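Next comes run03.cif, with mmCIF, C-alpha atoms.
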data_coords
#
loop_
_atom_site.label_atom_id
_atom_site.label_comp_id
_atom_site.auth_asym_id
_atom_site.auth_seq_id
_atom_site.Cartn_x
_atom_site.Cartn_y
_atom_site.Cartn_z
CA MET A 1 -53.53 -40.59 0.94
CA PRO A 2 -53.01 -38.21 3.87
CA VAL A 3 -55.24 -35.18 4.25
CA PHE A 4 -54.58 -31.86 5.93
CA PRO A 5 -56.70 -29.19 7.60
CA THR A 6 -57.88 -26.91 4.83
CA LEU A 7 -58.88 -23.29 4.48
CA PHE A 8 -61.17 -22.00 1.71
CA ALA A 9 -62.08 -25.59 0.93
CA GLY A 10 -63.91 -26.12 -2.32
CA THR A 11 -62.75 -22.82 -3.84
CA ILE A 12 -59.72 -22.23 -6.04
CA TRP A 13 -57.99 -20.66 -3.01
CA GLN A 14 -57.90 -23.97 -1.16
CA THR A 15 -55.06 -23.72 1.36
CA ASN A 16 -53.21 -26.35 3.33
CA VAL A 17 -53.09 -24.99 6.88
CA THR A 18 -50.47 -27.50 8.06
CA VAL A 19 -48.02 -26.28 5.43
CA ILE A 20 -48.51 -22.63 6.35
CA ALA A 21 -48.27 -23.42 10.07
CA THR A 22 -45.08 -25.45 9.66
CA ILE A 23 -43.54 -22.72 7.52
CA ILE A 24 -44.19 -20.26 10.33
CA LEU A 25 -42.94 -22.78 12.89
CA THR A 26 -39.74 -23.36 10.88
CA GLY A 27 -39.18 -19.64 10.71
CA LEU A 28 -39.81 -19.35 14.43
CA ILE A 29 -37.30 -22.11 15.23
CA ILE A 30 -34.62 -20.48 13.09
CA PHE A 31 -35.41 -17.05 14.46
CA VAL A 32 -35.19 -18.19 18.08
CA VAL A 33 -32.01 -20.21 17.52
CA LEU A 34 -30.33 -17.30 15.74
CA ARG A 35 -31.43 -14.79 18.36
CA VAL A 36 -30.23 -17.03 21.20
CA GLY A 37 -26.95 -17.70 19.42
CA LEU A 38 -26.39 -14.05 18.68
CA ALA A 39 -27.72 -12.71 21.98
CA ARG A 40 -24.28 -12.38 23.44
CA MET A 41 -22.63 -11.80 20.10
CA ASP A 42 -18.96 -11.07 20.49
CA MET A 43 -16.78 -9.99 17.61
CA ARG A 44 -13.56 -10.98 19.35
CA ARG A 45 -14.45 -14.19 21.16
CA PRO A 46 -17.14 -16.19 19.37
CA ARG A 47 -18.31 -19.16 21.39
CA GLY A 48 -20.77 -22.00 21.35
CA LEU A 49 -23.78 -21.44 19.15
CA GLN A 50 -22.29 -18.30 17.65
CA ASN A 51 -19.53 -20.40 16.09
CA LEU A 52 -22.12 -22.63 14.47
CA ILE A 53 -24.11 -19.69 13.12
CA GLU A 54 -20.97 -18.04 11.81
CA TRP A 55 -20.02 -21.27 10.13
CA ALA A 56 -23.44 -21.40 8.46
CA ALA A 57 -23.11 -17.80 7.32
CA GLU A 58 -19.65 -18.50 5.93
CA PHE A 59 -20.96 -21.59 4.19
CA ALA A 60 -23.77 -19.58 2.58
CA THR A 61 -21.27 -16.89 1.57
CA ASN A 62 -18.96 -19.39 -0.07
CA MET A 63 -21.89 -21.01 -1.83
CA ALA A 64 -22.99 -17.65 -3.20
CA ARG A 65 -19.44 -16.65 -4.18
CA GLU A 66 -18.96 -19.84 -6.15
CA THR A 67 -22.10 -19.35 -8.21
CA MET A 68 -22.56 -15.59 -8.56
CA PRO A 69 -20.65 -13.48 -11.09
CA THR A 70 -19.99 -10.37 -9.00
CA GLU A 71 -19.59 -9.37 -5.39
CA GLN A 72 -22.57 -7.07 -5.84
CA SER A 73 -24.86 -9.95 -6.75
CA VAL A 74 -23.39 -12.01 -3.92
CA ASN A 75 -24.39 -9.29 -1.48
CA PHE A 76 -27.83 -9.25 -3.05
CA ILE A 77 -28.48 -12.98 -2.71
CA LEU A 78 -26.59 -13.63 0.52
CA PRO A 79 -29.46 -12.96 2.99
CA LEU A 80 -31.83 -15.07 0.92
CA ALA A 81 -29.26 -17.85 0.49
CA PHE A 82 -28.53 -17.91 4.21
CA VAL A 83 -32.21 -17.95 5.20
CA MET A 84 -33.11 -20.46 2.48
CA LEU A 85 -30.36 -22.83 3.56
CA LEU A 86 -31.39 -22.79 7.21
CA PHE A 87 -35.08 -22.78 6.39
CA LEU A 88 -34.92 -25.80 4.12
CA PHE A 89 -32.59 -27.64 6.47
CA VAL A 90 -35.02 -27.25 9.36
CA ALA A 91 -38.11 -27.72 7.19
CA ASN A 92 -36.79 -30.94 5.64
CA TRP A 93 -35.92 -32.35 9.04
CA LEU A 94 -39.27 -31.46 10.65
CA GLY A 95 -41.13 -34.36 9.07
CA LEU A 96 -38.35 -36.79 9.95
CA ILE A 97 -38.27 -35.80 13.59
CA MET A 98 -41.99 -36.28 14.06
CA SER A 99 -45.39 -36.21 12.50
CA ILE A 100 -48.66 -35.63 14.30
CA THR A 101 -51.83 -37.24 13.07
CA VAL A 102 -55.28 -37.03 14.60
CA HIS A 103 -57.94 -39.59 13.90
CA PHE A 104 -61.51 -38.53 13.25
CA ASN A 105 -64.73 -40.34 12.63
CA PRO A 106 -64.65 -40.43 8.82
CA HIS A 107 -68.35 -39.58 8.56
CA ILE A 108 -68.19 -35.98 9.77
CA SER A 109 -67.10 -32.73 8.21
CA VAL A 110 -64.18 -31.11 10.05
CA TRP A 111 -61.51 -28.41 9.31
CA GLY A 112 -62.78 -27.87 5.82
CA LEU A 113 -62.64 -31.56 4.94
CA THR A 114 -65.62 -33.46 3.63
CA PRO A 115 -66.48 -37.01 4.73
CA SER A 116 -65.31 -38.30 1.36
CA ASP A 117 -61.88 -36.72 1.92
CA LEU A 118 -61.69 -38.28 5.37
CA ALA A 119 -62.77 -41.61 4.03
CA GLY A 120 -59.82 -41.55 1.62
CA SER A 121 -57.40 -41.28 4.56
CA LYS A 122 -59.43 -43.50 6.95
CA GLY A 123 -60.13 -40.45 9.13
CA ASP A 124 -56.49 -39.48 9.70
CA ILE A 125 -55.64 -35.79 9.49
CA GLU A 126 -51.96 -34.74 9.41
CA LEU A 127 -51.23 -31.81 11.71
CA PHE A 128 -47.47 -31.77 11.52
CA ASP A 129 -45.24 -32.52 8.55
CA SER A 130 -42.39 -31.10 6.54
CA PRO A 131 -43.75 -28.10 4.64
CA THR A 132 -41.43 -29.06 1.78
CA SER A 133 -43.13 -32.41 1.33
CA ASN A 134 -46.02 -30.45 -0.17
CA MET A 135 -45.80 -29.95 -3.91
CA SER A 136 -47.51 -26.57 -3.93
CA MET A 137 -45.12 -25.23 -1.32
CA ALA A 138 -41.97 -26.55 -3.02
CA LEU A 139 -43.13 -25.13 -6.36
CA ALA A 140 -44.00 -21.86 -4.64
CA LEU A 141 -40.41 -21.52 -3.43
CA ALA A 142 -39.02 -22.45 -6.86
CA ILE A 143 -41.26 -19.97 -8.70
CA MET A 144 -40.45 -17.29 -6.16
CA VAL A 145 -36.78 -17.83 -6.99
CA TRP A 146 -37.65 -17.75 -10.69
CA VAL A 147 -39.46 -14.43 -10.27
CA ILE A 148 -36.55 -12.99 -8.26
CA SER A 149 -34.04 -14.05 -10.90
CA HIS A 150 -36.05 -12.46 -13.72
CA ALA A 151 -36.68 -9.32 -11.70
CA ARG A 152 -32.94 -9.03 -11.30
CA GLY A 153 -32.37 -9.82 -14.97
CA LEU A 154 -34.78 -7.08 -15.99
CA ARG A 155 -32.46 -4.48 -14.51
CA HIS A 156 -30.55 -4.92 -17.78
CA PRO A 157 -33.44 -5.36 -20.26
CA LYS A 158 -31.30 -5.66 -23.41
CA GLN A 159 -29.14 -8.45 -22.06
CA TRP A 160 -32.19 -10.02 -20.46
CA LEU A 161 -33.92 -10.18 -23.88
CA ARG A 162 -30.80 -11.39 -25.60
CA HIS A 163 -30.17 -14.26 -23.18
CA PHE A 164 -33.35 -16.00 -24.37
CA TYR A 165 -31.95 -16.65 -27.85
CA SER A 166 -28.28 -15.74 -27.75
CA PRO A 167 -26.61 -19.12 -27.06
CA SER A 168 -29.64 -20.98 -28.43
CA PRO A 169 -33.44 -20.61 -28.32
CA LEU A 170 -33.58 -23.66 -26.09
CA ALA A 171 -33.05 -21.21 -23.21
CA VAL A 172 -36.79 -20.51 -23.39
CA ILE A 173 -37.53 -24.14 -22.58
CA GLU A 174 -35.13 -23.92 -19.67
CA GLU A 175 -37.14 -21.04 -18.29
CA ILE A 176 -40.02 -23.48 -17.82
CA THR A 177 -38.12 -26.62 -16.86
CA ASN A 178 -35.74 -24.96 -14.42
CA PRO A 179 -38.34 -23.80 -11.87
CA LEU A 180 -40.33 -27.00 -12.34
CA THR A 181 -37.39 -29.33 -11.67
CA HIS A 182 -36.13 -26.98 -8.99
CA GLY A 183 -39.33 -27.33 -7.01
CA MET A 184 -40.23 -30.90 -7.90
CA ARG A 185 -36.78 -32.18 -6.95
CA LEU A 186 -37.17 -30.81 -3.44
CA TYR A 187 -40.74 -31.99 -3.09
CA GLY A 188 -40.01 -35.44 -4.51
CA ASN A 189 -37.04 -36.16 -2.30
CA ILE A 190 -38.67 -35.04 0.92
CA PHE A 191 -42.06 -36.51 0.17
CA ALA A 192 -40.61 -39.87 -0.85
CA GLY A 193 -38.52 -40.10 2.31
CA GLU A 194 -41.46 -39.34 4.53
CA ALA A 195 -43.92 -41.47 2.63
CA LEU A 196 -41.76 -44.57 2.91
CA LEU A 197 -41.08 -43.81 6.55
CA GLY A 198 -44.83 -43.53 7.19
CA ILE A 199 -45.56 -46.80 5.41
CA MET A 200 -42.88 -48.64 7.40
CA LEU A 201 -44.14 -47.14 10.66
CA ARG A 202 -47.70 -48.26 9.93
CA ALA A 203 -46.71 -51.75 8.78
CA PRO A 204 -47.85 -54.47 11.20
CA PHE A 205 -45.28 -56.38 13.26
CA ALA A 206 -44.52 -59.89 12.13
CA LEU A 207 -46.40 -62.39 14.29
CA HIS A 208 -47.74 -59.34 16.17
CA TRP A 209 -44.54 -58.84 18.17
CA ILE A 210 -41.36 -58.91 15.98
CA PRO A 211 -40.46 -55.33 14.97
CA TRP A 212 -38.85 -56.46 11.72
CA GLN A 213 -39.04 -52.99 10.18
CA LEU A 214 -37.05 -51.28 12.97
CA PRO A 215 -33.58 -51.65 11.38
CA LEU A 216 -35.02 -50.56 8.05
CA ILE A 217 -36.62 -47.52 9.65
CA VAL A 218 -33.36 -46.52 11.34
CA LEU A 219 -31.48 -47.00 8.09
CA TRP A 220 -34.07 -45.05 6.10
CA LEU A 221 -34.12 -42.33 8.73
CA PHE A 222 -30.39 -41.83 8.34
CA TYR A 223 -30.68 -41.82 4.60
CA SER A 224 -33.61 -39.41 4.66
CA GLY A 225 -31.72 -37.11 6.98
CA PHE A 226 -28.84 -37.17 4.56
CA VAL A 227 -31.16 -36.44 1.66
CA ALA A 228 -32.92 -33.67 3.59
CA THR A 229 -29.60 -31.98 4.29
CA ILE A 230 -28.36 -32.40 0.75
CA GLN A 231 -31.62 -31.13 -0.75
CA ALA A 232 -31.46 -27.98 1.38
CA TYR A 233 -28.00 -27.36 -0.05
CA VAL A 234 -28.98 -28.27 -3.61
CA PHE A 235 -32.03 -26.04 -3.61
CA SER A 236 -30.05 -23.12 -2.19
CA ILE A 237 -27.12 -23.47 -4.56
CA LEU A 238 -29.43 -23.79 -7.55
CA MET A 239 -31.21 -20.67 -6.39
CA CYS A 240 -27.87 -18.84 -6.35
CA LEU A 241 -27.04 -20.27 -9.75
CA TYR A 242 -30.34 -19.22 -11.35
CA VAL A 243 -30.19 -15.71 -9.89
CA GLY A 244 -26.50 -15.51 -10.81
CA ASN A 245 -27.26 -16.49 -14.40
CA LYS A 246 -29.59 -13.53 -14.67
CA SER A 247 -27.25 -11.06 -12.96
CA PHE A 248 -25.97 -9.48 -16.13
CA GLU A 249 -23.95 -6.66 -14.65
CA GLY A 250 -20.90 -8.87 -14.15
CA HIS A 251 -20.96 -11.00 -17.28
CA ALA A 252 -18.56 -8.75 -19.14
CA HIS A 253 -15.65 -9.78 -16.96
CA HIS A 254 -16.67 -13.25 -15.92
CA MET B 255 -53.91 -33.92 -1.18
CA GLY B 256 -50.17 -33.29 -0.75
CA GLY B 257 -49.63 -34.27 -4.33
CA VAL B 258 -52.28 -31.98 -5.80
CA PHE B 259 -51.39 -28.47 -6.78
CA GLN B 260 -53.31 -25.96 -4.67
CA VAL B 261 -53.28 -22.30 -5.65
CA GLY B 262 -54.07 -21.16 -2.12
CA THR B 263 -51.24 -23.17 -0.60
CA PHE B 264 -48.96 -21.87 -3.31
CA ILE B 265 -49.76 -18.22 -2.66
CA PHE B 266 -49.84 -18.43 1.12
CA SER B 267 -46.57 -20.38 1.13
CA ILE B 268 -44.86 -17.56 -0.71
CA ILE B 269 -46.40 -14.95 1.56
CA SER B 270 -45.54 -16.78 4.78
CA PHE B 271 -42.03 -17.57 3.55
CA LEU B 272 -41.49 -13.92 2.71
CA ILE B 273 -42.71 -12.92 6.16
CA VAL B 274 -40.37 -15.45 7.75
CA PHE B 275 -37.54 -14.27 5.50
CA PHE B 276 -38.19 -10.64 6.38
CA PHE B 277 -38.09 -11.24 10.11
CA ILE B 278 -35.00 -13.43 10.04
CA GLN B 279 -33.22 -11.09 7.66
CA ARG B 280 -34.13 -7.97 9.62
CA PHE B 281 -33.56 -9.15 13.17
CA ALA B 282 -31.07 -12.01 12.92
CA PHE B 283 -29.11 -11.90 9.69
CA ARG B 284 -28.46 -8.18 9.56
CA PRO B 285 -26.80 -7.98 13.01
CA LEU B 286 -24.81 -11.10 12.15
CA ALA B 287 -23.64 -9.66 8.83
CA LYS B 288 -22.83 -6.38 10.53
CA MET B 289 -20.78 -8.16 13.15
CA LEU B 290 -18.93 -10.22 10.52
CA GLU B 291 -18.21 -7.08 8.51
CA GLN B 292 -17.01 -5.37 11.67
CA ARG B 293 -14.71 -8.26 12.41
CA ARG B 294 -13.41 -8.28 8.86
CA GLN B 295 -12.62 -4.60 9.09
CA HIS B 296 -11.08 -5.07 12.51
CA VAL B 297 -8.83 -7.85 11.28
CA GLU B 298 -7.93 -5.85 8.19
CA SER B 299 -7.04 -2.77 10.21
CA GLN B 300 -5.06 -4.89 12.65
CA ILE B 301 -3.07 -6.42 9.83
CA THR B 302 -2.43 -3.03 8.25
CA GLU B 303 -1.41 -1.64 11.59
CA ALA B 304 0.91 -4.55 12.27
CA GLU B 305 2.50 -4.15 8.86
CA LYS B 306 2.88 -0.44 9.41
CA SER B 307 4.47 -0.85 12.81
CA ARG B 308 6.79 -3.51 11.47
CA GLU B 309 7.87 -1.17 8.70
CA GLU B 310 8.31 1.58 11.26
CA ALA B 311 10.42 -0.69 13.43
CA ALA B 312 12.54 -1.65 10.43
CA SER B 313 13.06 1.97 9.47
CA LEU B 314 13.87 2.85 13.07
CA LEU B 315 16.37 0.03 13.20
CA ALA B 316 17.97 1.23 9.97
CA GLU B 317 18.06 4.74 11.37
CA GLN B 318 19.71 3.52 14.55
CA ARG B 319 22.21 1.51 12.60
CA ARG B 320 22.97 4.53 10.43
CA LEU B 321 23.43 6.74 13.49
CA LEU B 322 25.70 4.18 15.09
CA ASP B 323 27.79 3.96 11.94
CA GLU B 324 27.98 7.72 11.78
CA ALA B 325 29.05 7.98 15.39
CA ARG B 326 31.67 5.32 14.87
CA LYS B 327 32.98 7.09 11.80
CA GLU B 328 33.05 10.40 13.61
CA ALA B 329 34.93 8.90 16.53
CA LYS B 330 37.41 7.42 14.11
CA ASN B 331 37.79 10.78 12.37
CA LEU B 332 38.33 12.53 15.67
CA LEU B 333 40.91 10.00 16.69
CA ASP B 334 42.68 10.27 13.37
CA ALA B 335 42.67 14.06 13.54
CA ALA B 336 44.02 13.98 17.08
CA ARG B 337 46.72 11.59 16.05
CA VAL B 338 47.71 13.77 13.09
CA ARG B 339 47.75 16.85 15.29
CA ALA B 340 49.84 15.07 17.89
CA ASP B 341 52.28 13.98 15.21
CA GLU B 342 52.47 17.49 13.89
CA GLN B 343 53.03 18.89 17.33
CA ALA B 344 55.76 16.38 18.01
CA ARG B 345 57.43 17.24 14.77
CA GLU B 346 57.14 20.95 15.52
CA ILE B 347 58.60 20.48 18.98
CA LEU B 348 61.42 18.46 17.54
CA LEU B 349 62.09 21.04 14.90
CA LYS B 350 62.03 23.85 17.41
CA ALA B 351 64.39 21.92 19.66
CA GLU B 352 66.75 21.31 16.77
CA GLU B 353 66.62 24.96 15.82
CA GLU B 354 67.28 25.98 19.39
CA ALA B 355 70.15 23.59 19.62
CA SER B 356 71.68 24.80 16.39
CA ARG B 357 71.14 28.41 17.45
CA ILE B 358 72.88 27.82 20.78
CA LEU B 359 75.68 26.00 18.99
CA GLU B 360 76.07 28.84 16.56
CA GLU B 361 76.08 31.42 19.32
CA ASN B 362 78.68 29.48 21.23
CA ARG B 363 80.76 29.04 18.17
CA GLN B 364 80.62 32.75 17.47
CA ALA B 365 81.53 33.49 21.07
CA ILE B 366 84.48 31.16 20.81
CA VAL B 367 85.60 32.74 17.54
CA ARG B 368 85.21 36.23 18.98
CA GLU B 369 87.10 35.35 22.13
CA ARG B 370 89.79 33.68 20.18
CA ASP B 371 90.02 36.72 17.92
CA GLU B 372 90.11 39.00 20.91
CA ALA B 373 92.72 36.86 22.57
CA LEU B 374 94.70 36.71 19.36
CA ALA B 375 94.45 40.47 18.93
CA ALA B 376 95.63 41.03 22.50
CA VAL B 377 98.51 38.64 22.02
CA THR B 378 99.40 40.25 18.70
CA GLN B 379 99.40 43.70 20.27
CA ARG B 380 101.53 42.48 23.18
CA VAL B 381 103.99 40.73 20.86
CA ALA B 382 104.19 43.80 18.67
CA GLU B 383 104.92 46.03 21.62
CA LEU B 384 107.45 43.55 22.95
CA SER B 385 109.15 43.27 19.56
CA VAL B 386 109.30 47.02 19.15
CA GLU B 387 110.72 47.40 22.66
CA LEU B 388 113.14 44.64 21.87
CA THR B 389 114.11 46.24 18.63
CA ALA B 390 114.49 49.58 20.32
CA LYS B 391 116.70 48.08 22.95
CA LEU B 392 118.73 46.32 20.29
CA LEU B 393 119.17 49.43 18.26
CA HIS B 394 120.21 51.39 21.40
CA SER B 395 118.95 54.45 19.95
CA HIS B 396 116.14 56.59 20.68
CA VAL B 397 113.38 56.27 18.45
CA SER B 398 111.13 59.15 17.92
CA PRO B 399 107.56 58.67 19.09
CA GLU B 400 106.36 59.00 15.48
CA LEU B 401 108.71 56.30 14.33
CA HIS B 402 107.82 54.20 17.36
CA ARG B 403 104.15 54.34 16.47
CA GLU B 404 104.95 53.61 12.89
CA MET B 405 106.95 50.61 13.76
CA VAL B 406 104.32 49.24 16.11
CA ALA B 407 101.74 49.54 13.37
CA GLU B 408 104.12 47.91 10.92
CA ALA B 409 104.78 45.05 13.33
CA GLU B 410 101.10 44.58 14.06
CA LYS B 411 100.36 44.47 10.41
CA ARG B 412 103.09 41.96 9.71
CA LEU B 413 102.06 39.84 12.65
CA GLY B 414 98.46 39.97 11.65
CA GLU B 415 99.52 38.74 8.17
CA LEU B 416 101.59 36.11 9.79
CA VAL B 417 98.89 35.00 12.10
CA CYS B 418 96.20 34.93 9.59
#

As C-alpha cells, the full file:
Amino acid sequence: MPVFPTLFAGTIWQTNVTVIATIILTGLIIFVVLRVGLARMDMRRPRGLQNLIEWAAEFATNMARETMPTEQSVNFILPLAFVMLLFLFVANWLGLIMSITVHFNPHISVWGLTPSDLAGSKGDIELFDSPTSNMSMALALAIMVWVISHARGLRHPKQWLRHFYSPSPLAVIEEITNPLTHGMRLYGNIFAGEALLGIMLRAPFALHWIPWQLPLIVLWLFYSGFVATIQAYVFSILMCLYVGNKSFEGHAHH
Amino acid sequence: MGGVFQVGTFIFSIISFLIVFFFIQRFAFRPLAKMLEQRRQHVESQITEAEKSREEAASLLAEQRRLLDEARKEAKNLLDAARVRADEQAREILLKAEEEASRILEENRQAIVRERDEALAAVTQRVAELSVELTAKLLHSHVSPELHREMVAEAEKRLGELVC
C-alpha cells in the first residue's frame, strides 16, 4: 500500500501533501498552457494552440448546453465545466505519464509518517501521482459539486423542497448516492488504472531478462489513457447534469 | 493510505481546487470567453450588415429598373406625341393647301365669269347700237334722240333676254 507525505499526521486533519501539490501543479499546467495559447489571442485569425483551446471551450459549451435547462444556467456553469474538464483531463493523465517514488529506510520517521506506515509500503513514499486517484480528493470534488447544485437549487426554495418528494421520495436517496458514485467512479477508474500499471511495472522480468509485461503495459497504458479522458468527460457532464437538475428557473419551459 | 478517507485531504483539496479554479477562471477563461463573445458579435454584425447591404442592392436595382422603365416609357410617349403632332401638322398643311387651291380656283372662276359678263355686256351694247343704226338706216328717217335712246334700251333689253 503506497504512502504519501502527510501534514497534521495523527490528527483528524491529516492531509495528503502529494494530492494538494499535484492539484496545484495541474492548475499551474492548465494556467500556463491557456496563457501561452491565448497570449497572442486573435479574434479574426485563430492559430495553433488557440484553435485547440477554442475547441475545448466549444466542447464544454456544448456539453453544458445539452444538460442545462436554460442559457442562464449554462452561463453559470460554463467556467466551472471548462475548468473541470481540463483539470480532470490533466489530473487523470498525470499519474499515467509518470510517478515519482522515493525510498526511505523504513525504520525512521519522515514527512509525518511513522515507521509502521513506512513498513507497510517497504519504505516507498509516493511524491507524484494523479490527484484524482485519491479517494478523499475525488469525493471532495463530487461533494463540492453537490453543494454547488444545492446552493443553486436554494435560489428557488419552494421548488427545491418540492423536488425531494415530487416525483417520488426516492429522490432523497439519490441525494446521497449521486455525490458518492460521482466521486467514487472517478477515483475507482483512475486508481485502478494506476494500481495495475504500478504492479506490472514492479513485476520481475521472466528469467531476469525477458520483459514479458511490456506489451501488457503499453496496452494498459492506452486503455488507461482512454479511461482517464472519458472519466474527465463523464465527471464534467454529470456535474452539469446535477447542477442543471437543481436549476429550477427554467423547468417551466423545459 | 490513498484508499482511506482523510478529512484534511478532503478540505484542502476543495480549497486548492477553488484557488486553481479562481485563477484559471479569472485570468484565462474570462479573456477567452470575452474574445469568443466578441467574435460572435462580430460575426453576427457582419451577417446583418451583409444582409442589409444585399437588401439595399436589391432595392437599388429595382429602383434603377423602375427608372429605366420610366425613361423608356417617357421616350415612347414623346415619340408618339411628336408623331401625332407631325401627322396633325401634315393634315393641317394639306387642308390649308386644299383651301388655298379651291380659293384660287374660285377667284379665277369668278374672274372668268366677270370677264365673260363684261365681254358679253360690251358685245350686247355694240350689237344694240349696230342694230339701232341699222334700223335707222333702214327706216331712212330721222329718229328723234328720245326715240333713239328708247330703242337702244329696248334692243339691249331684248338682247339681254336673248343672251341670257

Output of the PyMOL selection byres ((chain B) within 8 of (chain A)), listed as an mmCIF file with C-alpha atoms, in the coordinates of the input:
data_model
loop_
_atom_site.group_PDB
_atom_site.id
_atom_site.type_symbol
_atom_site.label_atom_id
_atom_site.label_comp_id
_atom_site.auth_asym_id
_atom_site.auth_seq_id
_atom_site.Cartn_x
_atom_site.Cartn_y
_atom_site.Cartn_z
ATOM 1 C CA MET B 255 -53.910 -33.920 -1.180
ATOM 2 C CA GLY B 256 -50.170 -33.290 -0.750
ATOM 3 C CA GLY B 257 -49.630 -34.270 -4.330
ATOM 4 C CA VAL B 258 -52.280 -31.980 -5.800
ATOM 5 C CA PHE B 259 -51.390 -28.470 -6.780
ATOM 6 C CA GLN B 260 -53.310 -25.960 -4.670
ATOM 7 C CA VAL B 261 -53.280 -22.300 -5.650
ATOM 8 C CA GLY B 262 -54.070 -21.160 -2.120
ATOM 9 C CA THR B 263 -51.240 -23.170 -0.600
ATOM 10 C CA PHE B 264 -48.960 -21.870 -3.310
ATOM 11 C CA ILE B 265 -49.760 -18.220 -2.660
ATOM 12 C CA PHE B 266 -49.840 -18.430 1.120
ATOM 13 C CA SER B 267 -46.570 -20.380 1.130
ATOM 14 C CA ILE B 268 -44.860 -17.560 -0.710
ATOM 15 C CA SER B 270 -45.540 -16.780 4.780
ATOM 16 C CA PHE B 271 -42.030 -17.570 3.550
ATOM 17 C CA VAL B 274 -40.370 -15.450 7.750
ATOM 18 C CA PHE B 275 -37.540 -14.270 5.500
ATOM 19 C CA PHE B 277 -38.090 -11.240 10.110
ATOM 20 C CA ILE B 278 -35.000 -13.430 10.040
ATOM 21 C CA GLN B 279 -33.220 -11.090 7.660
ATOM 22 C CA PHE B 281 -33.560 -9.150 13.170
ATOM 23 C CA ALA B 282 -31.070 -12.010 12.920
ATOM 24 C CA PHE B 283 -29.110 -11.900 9.690
ATOM 25 C CA LEU B 286 -24.810 -11.100 12.150
ATOM 26 C CA MET B 289 -20.780 -8.160 13.150
ATOM 27 C CA LEU B 290 -18.930 -10.220 10.520
ATOM 28 C CA GLN B 292 -17.010 -5.370 11.670
ATOM 29 C CA ARG B 293 -14.710 -8.260 12.410
#

Q | Distance in Å - atom CA of A:Ile108 versus atom CA of A:Asp124 | A | 12.2 Å

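Among A:Ala56, A:Ile148, A:Leu214, A:Leu49, the residue with the shortest atom-to-atom distance to A:Ile77, counting all atoms listed in the file, is A:Ile148.
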
(Q) Please enumerate the residues selected by the PyMOL selection byres ((chain A and resi 226) around 12) when evaluated against the supplied file, formatted as a PyMOL selection string. (A) chain A and resi 89+92-93+96+189-190+193+219-225+227-233

Next, the residues of the selection above should be written as a JSON list (two decimals), in the coordinates of the input with C-alpha atoms.
[["chain", "number", "residue", "atom", "x", "y", "z"],
["A", 89, "PHE", "CA", -32.59, -27.64, 6.47],
["A", 92, "ASN", "CA", -36.79, -30.94, 5.64],
["A", 93, "TRP", "CA", -35.92, -32.35, 9.04],
["A", 96, "LEU", "CA", -38.35, -36.79, 9.95],
["A", 189, "ASN", "CA", -37.04, -36.16, -2.30],
["A", 190, "ILE", "CA", -38.67, -35.04, 0.92],
["A", 193, "GLY", "CA", -38.52, -40.10, 2.31],
["A", 219, "LEU", "CA", -31.48, -47.00, 8.09],
["A", 220, "TRP", "CA", -34.07, -45.05, 6.10],
["A", 221, "LEU", "CA", -34.12, -42.33, 8.73],
["A", 222, "PHE", "CA", -30.39, -41.83, 8.34],
["A", 223, "TYR", "CA", -30.68, -41.82, 4.60],
["A", 224, "SER", "CA", -33.61, -39.41, 4.66],
["A", 225, "GLY", "CA", -31.72, -37.11, 6.98],
["A", 227, "VAL", "CA", -31.16, -36.44, 1.66],
["A", 228, "ALA", "CA", -32.92, -33.67, 3.59],
["A", 229, "THR", "CA", -29.60, -31.98, 4.29],
["A", 230, "ILE", "CA", -28.36, -32.40, 0.75],
["A", 231, "GLN", "CA", -31.62, -31.13, -0.75],
["A", 232, "ALA", "CA", -31.46, -27.98, 1.38],
["A", 233, "TYR", "CA", -28.00, -27.36, -0.05]]

Q | Atom pair atom CA of B:Val377 / atom CA of B:Lys391: separation (Å) | A |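 Interatomic distance, atom CA of B:Val377 to atom CA of B:Lys391: 20.5 Å.
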
Around all the atoms of stretch 367-372 of chain B listed in the file, draw an axis-aligned box and extend it by 4 Å on each of the six sides; I want its centre and edge lengths in Å to one decimal, as AutoDock Vina command-line options.
--center_x 87.7 --center_y 35.9 --center_z 19.8 --size_x 12.9 --size_y 14.3 --size_z 12.6

**Q.** Separation of atom CA of A:Pro215 from atom CA of A:Ile125 in Å
**A.**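 Between atom CA of A:Ile125 and atom CA of A:Pro215 the gap is 27.2 Å.
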
Q. Quick one: which residues end up in the PyMOL selection byres ((chain A and resi 164-180) around 7) for this structure, as a list of chain:residue names?
A.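 Applying the PyMOL selection byres ((chain A and resi 164-180) around 7) to the structure shown produces A:Leu139, A:Ala142, A:Ile143, A:Trp146, A:Leu161, A:Arg162, A:His163, A:Thr181, A:His182, A:Gly183, A:Met184.
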
Q: Mind checking which residues fall within 9 Å of A:Ser149, counting all atoms listed in the file, ignoring those fewer than 4 positions away in the same chain, and posting them as a PyMOL selection string?
A: chain A and resi 144-145+153-154+239+242-247

Output file for the residues above (C-alpha atoms, as an mmCIF file, keeping the file's coordinate frame):
data_model
loop_
_atom_site.group_PDB
_atom_site.id
_atom_site.type_symbol
_atom_site.label_atom_id
_atom_site.label_comp_id
_atom_site.auth_asym_id
_atom_site.auth_seq_id
_atom_site.Cartn_x
_atom_site.Cartn_y
_atom_site.Cartn_z
ATOM 1 C CA MET A 144 -40.450 -17.290 -6.160
ATOM 2 C CA VAL A 145 -36.780 -17.830 -6.990
ATOM 3 C CA GLY A 153 -32.370 -9.820 -14.970
ATOM 4 C CA LEU A 154 -34.780 -7.080 -15.990
ATOM 5 C CA MET A 239 -31.210 -20.670 -6.390
ATOM 6 C CA TYR A 242 -30.340 -19.220 -11.350
ATOM 7 C CA VAL A 243 -30.190 -15.710 -9.890
ATOM 8 C CA GLY A 244 -26.500 -15.510 -10.810
ATOM 9 C CA ASN A 245 -27.260 -16.490 -14.400
ATOM 10 C CA LYS A 246 -29.590 -13.530 -14.670
ATOM 11 C CA SER A 247 -27.250 -11.060 -12.960
#

From the coordinates I just gave you, please extract stretch 92-101 of chain A so that only C-alpha atoms remain, then output it as a compact mmCIF listing (two decimals), in the first residue's frame.
# COMPACT_ATOMS: atom_id res chain seq x y z
CA ASN A 92 -6.03 11.91 -14.74
CA TRP A 93 -3.11 11.82 -17.15
CA LEU A 94 -0.51 12.95 -14.60
CA GLY A 95 -0.24 9.55 -12.94
CA LEU A 96 -0.04 7.78 -16.29
CA ILE A 97 2.76 9.97 -17.57
CA MET A 98 4.93 9.40 -14.54
CA SER A 99 5.07 8.67 -10.87
CA ILE A 100 7.89 9.58 -8.52
CA THR A 101 8.69 7.41 -5.55
